[in-house]
>>> print(open('coords_28.cif').read())   # mmCIF, C-alpha atoms
data_my_file
#
loop_
_atom_site.label_atom_id
_atom_site.label_comp_id
_atom_site.auth_asym_id
_atom_site.auth_seq_id
_atom_site.Cartn_x
_atom_site.Cartn_y
_atom_site.Cartn_z
CA MET A 14 -10.68 -34.77 -27.90
CA GLU A 15 -7.84 -36.71 -26.27
CA HIS A 16 -8.97 -39.20 -23.63
CA LEU A 17 -7.71 -38.95 -20.05
CA LEU A 18 -5.86 -42.28 -20.30
CA HIS A 19 -4.66 -41.81 -23.87
CA GLY A 20 -1.84 -44.28 -24.53
CA LEU A 21 -3.20 -46.92 -22.14
CA ASP A 22 -4.46 -50.21 -23.57
CA VAL A 23 -6.59 -52.70 -21.61
CA VAL A 24 -5.57 -56.20 -22.70
CA LEU A 25 -8.05 -59.00 -21.99
CA VAL A 26 -6.55 -62.48 -22.29
CA GLN A 27 -8.65 -65.50 -23.27
CA THR A 28 -11.94 -64.02 -22.17
CA ARG A 29 -14.79 -66.52 -22.05
CA PHE A 30 -17.89 -64.33 -22.29
CA PRO A 31 -18.48 -61.42 -24.68
CA GLU A 32 -20.80 -59.86 -22.09
CA ASN A 33 -17.79 -59.32 -19.83
CA ILE A 34 -16.01 -57.58 -22.68
CA GLY A 35 -18.99 -55.25 -23.00
CA MET A 36 -18.93 -54.42 -19.29
CA ALA A 37 -15.17 -53.87 -19.43
CA ALA A 38 -15.71 -51.49 -22.36
CA ARG A 39 -18.15 -49.49 -20.27
CA ALA A 40 -15.59 -49.29 -17.45
CA CYS A 41 -12.94 -48.11 -19.93
CA VAL A 42 -15.18 -45.36 -21.28
CA ASN A 43 -16.07 -44.22 -17.76
CA MET A 44 -12.39 -43.79 -16.88
CA GLY A 45 -11.13 -42.30 -20.17
CA CYS A 46 -9.43 -45.36 -21.67
CA SER A 47 -10.09 -45.63 -25.39
CA HIS A 48 -8.77 -49.03 -26.46
CA ILE A 49 -9.18 -52.73 -25.65
CA SER A 50 -7.11 -55.56 -27.09
CA LEU A 51 -8.31 -59.16 -26.97
CA VAL A 52 -5.90 -62.08 -26.88
CA GLU A 53 -7.32 -65.41 -28.04
CA PRO A 54 -10.88 -64.76 -26.86
CA GLU A 55 -12.98 -67.89 -26.48
CA ARG A 56 -15.91 -66.06 -28.05
CA TRP A 57 -15.94 -62.53 -29.44
CA LEU A 58 -19.49 -61.66 -30.43
CA ARG A 59 -20.04 -57.94 -30.71
CA ASP A 60 -23.82 -58.19 -30.57
CA LYS A 61 -23.55 -59.93 -27.18
CA ALA A 62 -21.14 -57.31 -25.82
CA SER A 63 -22.98 -54.29 -27.20
CA PRO A 64 -25.89 -53.95 -24.71
CA LEU A 65 -23.55 -53.99 -21.71
CA ALA A 66 -21.16 -51.47 -23.21
CA THR A 67 -23.95 -48.81 -23.25
CA PRO A 68 -24.17 -46.26 -26.10
CA LYS A 69 -20.98 -44.53 -24.97
CA GLY A 70 -18.98 -47.73 -25.38
CA GLN A 71 -19.98 -48.60 -28.93
CA ALA A 72 -17.07 -46.77 -30.57
CA LEU A 73 -14.66 -48.58 -28.28
CA LEU A 74 -16.16 -51.94 -29.29
CA ASP A 75 -15.72 -50.96 -32.94
CA GLY A 76 -12.02 -50.32 -32.32
CA ILE A 77 -11.22 -53.56 -30.50
CA THR A 78 -8.23 -55.44 -31.91
CA VAL A 79 -7.83 -59.22 -31.63
CA HIS A 80 -4.38 -60.81 -31.28
CA ASP A 81 -3.03 -64.35 -31.49
CA SER A 82 -0.64 -63.90 -28.57
CA LEU A 83 -0.01 -61.67 -25.58
CA ALA A 84 3.46 -60.81 -26.93
CA GLU A 85 1.84 -59.44 -30.08
CA ALA A 86 -0.73 -57.44 -28.12
CA VAL A 87 1.79 -55.68 -25.87
CA ALA A 88 4.73 -55.40 -28.29
CA GLY A 89 4.51 -51.62 -28.65
CA SER A 90 4.11 -50.80 -24.95
CA ALA A 91 6.92 -49.49 -22.76
CA LEU A 92 5.24 -50.73 -19.59
CA VAL A 93 3.21 -53.95 -19.24
CA ILE A 94 1.39 -54.50 -15.95
CA GLY A 95 -0.37 -57.78 -15.22
CA THR A 96 -3.19 -58.23 -12.72
CA THR A 97 -3.36 -61.18 -10.36
CA ALA A 98 -5.23 -62.27 -7.26
CA ARG A 99 -2.68 -64.95 -6.36
CA ARG A 100 0.61 -64.45 -4.54
CA GLY A 101 3.88 -66.31 -4.19
CA GLY A 102 5.92 -68.36 -6.66
CA TRP A 103 6.10 -66.46 -9.93
CA ARG A 104 4.05 -63.63 -8.45
CA GLN A 105 6.46 -61.46 -6.45
CA ALA A 106 6.82 -57.76 -5.59
CA MET A 107 3.23 -56.88 -6.38
CA LEU A 108 1.95 -53.32 -6.50
CA SER A 109 -1.16 -51.88 -4.96
CA PRO A 110 -3.57 -50.25 -7.44
CA GLU A 111 -2.43 -46.84 -6.18
CA ARG A 112 1.28 -47.54 -6.65
CA CYS A 113 0.58 -49.14 -10.01
CA ALA A 114 -1.31 -46.01 -11.04
CA VAL A 115 1.65 -43.75 -10.21
CA GLU A 116 3.91 -45.83 -12.47
CA VAL A 117 1.30 -45.78 -15.24
CA ALA A 118 0.90 -42.00 -15.02
CA ASP A 119 4.68 -41.52 -15.08
CA CYS A 120 5.10 -43.71 -18.15
CA LEU A 121 2.26 -41.96 -20.00
CA ARG A 122 3.79 -38.58 -19.12
CA GLN A 123 7.05 -39.70 -20.70
CA GLY A 124 5.24 -40.59 -23.91
CA GLY A 125 5.31 -44.36 -23.43
CA ARG A 126 2.40 -46.67 -24.08
CA VAL A 127 1.05 -48.84 -21.25
CA SER A 128 -0.71 -52.22 -21.37
CA LEU A 129 -2.84 -53.36 -18.42
CA VAL A 130 -3.29 -57.12 -18.76
CA PHE A 131 -6.24 -59.04 -17.29
CA GLY A 132 -6.53 -62.83 -17.38
CA PRO A 133 -9.42 -65.21 -18.06
CA GLU A 134 -12.45 -64.93 -15.80
CA ASP A 135 -12.10 -68.42 -14.31
CA ARG A 136 -8.36 -68.68 -13.63
CA GLY A 137 -6.50 -65.42 -14.22
CA LEU A 138 -3.12 -65.06 -15.91
CA ASP A 139 -0.92 -68.14 -16.09
CA ASN A 140 2.83 -68.19 -15.47
CA ALA A 141 3.67 -67.84 -19.16
CA ALA A 142 1.68 -64.59 -19.30
CA ILE A 143 3.11 -63.38 -15.99
CA THR A 144 6.65 -63.59 -17.39
CA GLN A 145 5.72 -61.08 -20.11
CA CYS A 146 4.60 -58.47 -17.57
CA HIS A 147 7.10 -55.96 -16.21
CA ARG A 148 5.10 -55.34 -13.05
CA LEU A 149 2.18 -57.00 -11.24
CA VAL A 150 -0.75 -55.42 -9.44
CA CYS A 151 -3.06 -57.07 -6.92
CA ILE A 152 -6.38 -55.59 -5.79
CA PRO A 153 -6.75 -56.18 -2.04
CA THR A 154 -10.05 -57.82 -1.12
CA ASP A 155 -11.59 -59.59 1.84
CA PRO A 156 -10.01 -63.08 1.99
CA ALA A 157 -13.47 -64.60 2.35
CA ALA A 158 -14.54 -63.21 -1.05
CA SER A 159 -11.42 -62.49 -3.09
CA SER A 160 -12.84 -63.10 -6.58
CA LEU A 161 -13.72 -60.01 -8.63
CA ASN A 162 -15.74 -59.79 -11.82
CA LEU A 163 -13.50 -58.92 -14.78
CA ALA A 164 -15.16 -55.56 -15.37
CA GLN A 165 -14.92 -54.72 -11.65
CA ALA A 166 -11.19 -55.34 -11.72
CA VAL A 167 -10.80 -53.21 -14.86
CA LEU A 168 -12.79 -50.38 -13.30
CA ILE A 169 -10.83 -50.38 -10.02
CA VAL A 170 -7.40 -50.28 -11.66
CA LEU A 171 -8.44 -47.69 -14.26
CA TYR A 172 -10.00 -45.49 -11.56
CA ALA A 173 -6.67 -45.44 -9.72
CA CYS A 174 -4.83 -44.67 -12.98
CA ALA A 175 -7.19 -41.84 -13.86
CA ALA A 176 -6.75 -40.32 -10.40
CA ALA A 177 -2.95 -40.51 -10.71
CA VAL A 178 -3.01 -38.86 -14.14
CA ARG A 179 -5.23 -36.04 -12.82
CA ASN A 180 -2.87 -35.55 -9.89
CA ALA A 181 0.14 -35.42 -12.22
CA ASP A 182 -1.66 -32.85 -14.39
CA LYS A 183 -2.35 -30.68 -11.33
CA GLN A 184 1.34 -30.68 -10.43
CA GLY A 185 2.03 -29.15 -13.82
CA PRO A 186 5.12 -29.03 -16.01
CA ALA A 187 7.30 -27.56 -13.26
CA ALA A 188 7.00 -30.71 -11.15
CA ALA A 189 7.57 -32.90 -14.18
CA LEU A 190 10.69 -30.90 -15.08
CA SER A 191 11.97 -31.24 -11.53
CA ASP A 192 11.50 -35.01 -11.68
CA GLU A 193 13.35 -35.16 -14.99
CA ARG A 194 16.24 -33.12 -13.58
CA GLU A 195 16.51 -35.49 -10.61
CA ASP A 196 16.50 -38.49 -12.94
CA SER A 197 19.12 -36.81 -15.13
CA ALA A 198 21.39 -36.04 -12.17
CA ALA A 199 21.15 -39.62 -10.91
CA GLN A 200 21.98 -41.02 -14.33
CA HIS A 201 24.97 -38.67 -14.75
CA ALA A 202 26.30 -39.71 -11.34
CA ALA A 203 25.95 -43.40 -12.18
CA GLN A 204 27.35 -43.15 -15.71
CA PRO A 205 29.85 -40.26 -15.85
CA ALA A 206 31.67 -41.57 -18.91
CA GLN A 207 28.66 -41.49 -21.19
CA ALA A 208 27.77 -38.53 -23.35
CA ALA A 209 25.25 -36.11 -21.87
CA SER A 210 22.87 -36.68 -24.74
CA GLU A 211 22.62 -40.36 -23.73
CA THR A 212 22.04 -39.80 -20.01
CA ASP A 213 19.66 -36.87 -19.87
CA GLY A 214 16.59 -39.04 -19.29
CA HIS A 215 15.20 -38.35 -22.75
CA GLY A 216 14.81 -40.42 -25.87
CA PRO A 217 12.22 -43.09 -26.68
CA LEU A 218 11.42 -45.77 -24.14
CA ALA A 219 12.25 -49.36 -25.02
CA SER A 220 9.15 -51.28 -26.06
CA ALA A 221 7.96 -54.58 -24.64
CA ALA A 222 9.19 -56.27 -27.82
CA ASP A 223 12.65 -54.71 -27.25
CA GLN A 224 12.66 -55.89 -23.65
CA GLU A 225 11.70 -59.44 -24.66
CA ARG A 226 14.64 -59.50 -27.08
CA LEU A 227 16.89 -58.31 -24.26
CA MET A 228 15.55 -60.99 -21.91
CA ALA A 229 16.21 -63.68 -24.53
CA ALA A 230 19.80 -62.46 -25.02
CA LEU A 231 20.35 -62.17 -21.25
CA ARG A 232 18.88 -65.64 -20.69
CA GLU A 233 21.26 -67.17 -23.25
CA MET A 234 24.25 -65.35 -21.75
CA LEU A 235 23.46 -66.32 -18.15
CA LEU A 236 22.87 -69.95 -19.11
CA ARG A 237 26.23 -70.13 -20.89
CA ILE A 238 28.09 -68.83 -17.83
CA ASP A 239 26.10 -71.21 -15.56
CA TYR A 240 24.50 -68.35 -13.65
CA LEU A 241 20.95 -69.59 -14.28
CA HIS A 242 19.78 -73.02 -13.21
CA GLY A 243 19.14 -75.11 -16.30
CA ASP A 244 16.11 -76.94 -14.86
CA ASN A 245 13.93 -73.80 -14.63
CA PRO A 246 15.81 -70.81 -16.07
CA ASP A 247 12.73 -68.68 -16.73
CA TYR A 248 11.78 -68.72 -13.05
CA PHE A 249 15.25 -67.64 -11.96
CA LEU A 250 15.29 -64.95 -14.64
CA MET A 251 12.24 -63.29 -13.05
CA PRO A 252 14.25 -60.96 -10.74
CA TRP A 253 16.02 -59.57 -13.81
CA ARG A 254 12.69 -59.04 -15.53
CA ARG A 255 11.40 -57.16 -12.50
CA LEU A 256 14.60 -55.08 -12.35
CA PHE A 257 14.37 -53.95 -15.97
CA GLY A 258 10.63 -53.42 -15.62
CA ARG A 259 11.23 -50.97 -12.76
CA ALA A 260 14.09 -49.29 -14.62
CA ARG A 261 11.88 -48.22 -17.56
CA LEU A 262 14.71 -48.61 -20.08
CA ARG A 263 15.32 -46.03 -22.78
CA ARG A 264 16.09 -47.28 -26.25
CA HIS A 265 19.76 -46.26 -26.04
CA GLU A 266 20.07 -48.17 -22.74
CA TYR A 267 18.52 -51.22 -24.38
CA ASP A 268 21.03 -50.92 -27.24
CA ALA A 269 23.92 -50.76 -24.74
CA LEU A 270 22.74 -53.85 -22.86
CA MET A 271 22.19 -55.80 -26.06
CA GLY A 272 25.71 -54.82 -27.13
CA MET A 273 27.08 -56.15 -23.84
CA CYS A 274 25.29 -59.48 -24.35
CA ARG A 275 26.70 -59.77 -27.86
CA GLN A 276 30.24 -59.04 -26.64
CA VAL A 277 29.98 -61.64 -23.87
CA ARG A 278 28.68 -64.20 -26.37
CA ARG A 279 31.62 -63.51 -28.72
CA ALA A 280 34.11 -63.75 -25.88
CA LEU A 281 32.64 -67.10 -24.83
CA GLU A 282 32.75 -68.34 -28.41
CA ARG A 283 36.45 -67.39 -28.69
CA LYS A 284 37.21 -69.13 -25.41
CA GLU A 285 35.30 -72.26 -26.40
CA GLY A 286 36.88 -72.25 -29.88
#
>>> encode(input="coords_28.cif", output="structure tokens")
Amino acid sequence: MEHLLHGLDVVLVQTRFPENIGMAARACVNMGCSHISLVEPERWLRDKASPLATPKGQALLDGITVHDSLAEAVAGSALVIGTTARRGGWRQAMLSPERCAVEVADCLRQGGRVSLVFGPEDRGLDNAAITQCHRLVCIPTDPAASSLNLAQAVLIVLYACAAAVRNADKQGPAAALSDEREDSAAQHAAQPAQAASETDGHGPLASAADQERLMAALREMLLRIDYLHGDNPDYFLMPWRRLFGRARLRRHEYDALMGMCRQVRRALERKEG
């Protein structure tokens, strides 16, 4: 039987306590999410996690994958959403859990994989991890008690995602088709010279690994034309990351943008030579 949130992966970064992994597994099972990825866990002891996962969560614990880096864990996802309790600086344009859930449901409907990324229990995601997320979500809490247990945060965000997926299912294929037609019309209006097969809103979504390659190429190009500030280019590249994260690039769009970066690089090389 396919799970409600099939295609969604909960990614736990540098977790400290295996008991929290067990509680997060229980939350995942409750909401229909069938996979957890761990990134550099401080301790991953299944026997410590098992009692808190309950019998229903044992299969999920068995399927946990452990990764050496966040980039590796999210490489195959079309949409990567990080969770944070802090605001400002690198953390801009944050989504509510409800708005985040709508984007998750839309990506899953289009056949893309989604990674929801949660940081360490004591400090959350750092800036390096934030840069690898296409979107950010913040759970509103009382300012006097803003800290949430890891499993609580997982449960809240997954509950919103499950509700959004159910709502999308109720709307049925007619609503989905209508949305696709609107997207197709907008793309045709914006790019009239392209072939219809490339602008009909179909085709595979670009993966997180694809988007990281694009960001690296764009970063190099913008540095060479002195558009980015050399002292902190990754910070000033963040608006572009957010833009492409919202755009949900298709693979052919990624190919076109990579081609543009290559052509600009060659033109600069000819000029410099």
>>> resolve_selection(input="coords_28.cif", expression="the PyMOL selection byres ((chain A and resi 175) around 8)", output="JSON, numbers by chain")
{"A": [17, 18, 44, 45, 114, 171, 172, 173, 174, 176, 177, 178, 179]}
>>> residues_near_point(input="coords_28.cif", point="(3.5, -42.7, -12.0)", cutoff="12 Å", atoms="only C-alpha atoms", output="PDB file with C-alpha atoms, in the coordinates of the input")
ATOM      1  CA  LEU A  92       5.240 -50.730 -19.590  1.00  0.00           C
ATOM      2  CA  PRO A 110      -3.570 -50.250  -7.440  1.00  0.00           C
ATOM      3  CA  GLU A 111      -2.430 -46.840  -6.180  1.00  0.00           C
ATOM      4  CA  ARG A 112       1.280 -47.540  -6.650  1.00  0.00           C
ATOM      5  CA  CYS A 113       0.580 -49.140 -10.010  1.00  0.00           C
ATOM      6  CA  ALA A 114      -1.310 -46.010 -11.040  1.00  0.00           C
ATOM      7  CA  VAL A 115       1.650 -43.750 -10.210  1.00  0.00           C
ATOM      8  CA  GLU A 116       3.910 -45.830 -12.470  1.00  0.00           C
ATOM      9  CA  VAL A 117       1.300 -45.780 -15.240  1.00  0.00           C
ATOM     10  CA  ALA A 118       0.900 -42.000 -15.020  1.00  0.00           C
ATOM     11  CA  ASP A 119       4.680 -41.520 -15.080  1.00  0.00           C
ATOM     12  CA  CYS A 120       5.100 -43.710 -18.150  1.00  0.00           C
ATOM     13  CA  LEU A 121       2.260 -41.960 -20.000  1.00  0.00           C
ATOM     14  CA  ARG A 122       3.790 -38.580 -19.120  1.00  0.00           C
ATOM     15  CA  GLN A 123       7.050 -39.700 -20.700  1.00  0.00           C
ATOM     16  CA  GLY A 125       5.310 -44.360 -23.430  1.00  0.00           C
ATOM     17  CA  VAL A 127       1.050 -48.840 -21.250  1.00  0.00           C
ATOM     18  CA  ALA A 173      -6.670 -45.440  -9.720  1.00  0.00           C
ATOM     19  CA  CYS A 174      -4.830 -44.670 -12.980  1.00  0.00           C
ATOM     20  CA  ALA A 175      -7.190 -41.840 -13.860  1.00  0.00           C
ATOM     21  CA  ALA A 176      -6.750 -40.320 -10.400  1.00  0.00           C
ATOM     22  CA  ALA A 177      -2.950 -40.510 -10.710  1.00  0.00           C
ATOM     23  CA  VAL A 178      -3.010 -38.860 -14.140  1.00  0.00           C
ATOM     24  CA  ARG A 179      -5.230 -36.040 -12.820  1.00  0.00           C
ATOM     25  CA  ASN A 180      -2.870 -35.550  -9.890  1.00  0.00           C
ATOM     26  CA  ALA A 181       0.140 -35.420 -12.220  1.00  0.00           C
ATOM     27  CA  ASP A 182      -1.660 -32.850 -14.390  1.00  0.00           C
ATOM     28  CA  ALA A 189       7.570 -32.900 -14.180  1.00  0.00           C
ATOM     29  CA  ASP A 192      11.500 -35.010 -11.680  1.00  0.00           C
ATOM     30  CA  ARG A 259      11.230 -50.970 -12.760  1.00  0.00           C
ATOM     31  CA  ARG A 261      11.880 -48.220 -17.560  1.00  0.00           C
TER      32      ARG A 261
END
>>> resolve_selection(input="coords_28.cif", expression="the PyMOL selection byres ((chain A and resi 155-169) around 10)", output="ChimeraX atom specification")
/A:23-25,28,32-44,96-99,110-111,129-135,137,151-154,170-174
>>> resolve_selection(input="coords_28.cif", expression="the PyMOL selection byres ((chain A and resi 75) around 12)", output="list in words")
Gly35, Ala38, Ser47, His48, Ile49, Ser50, Leu58, Arg59, Asp60, Ala62, Ser63, Ala66, Pro68, Lys69, Gly70, Gln71, Ala72, Leu73, Leu74, Gly76, Ile77, Thr78 and Val79 of chain A
>>> atom_distance(input="coords_28.cif", atom1="atom CA of A:Met251", atom2="atom CA of A:Arg264")
21.1 Å
>>> closest_residue(input="coords_28.cif", among="A:Asp223, A:Asp81, A:Glu15, A:Glu53", to="A:Leu270", atoms="all atoms listed in the file")
A:Asp223
>>> atom_distance(input="coords_28.cif", atom1="atom CA of A:Arg126", atom2="atom CA of A:Asp247")
25.4 Å
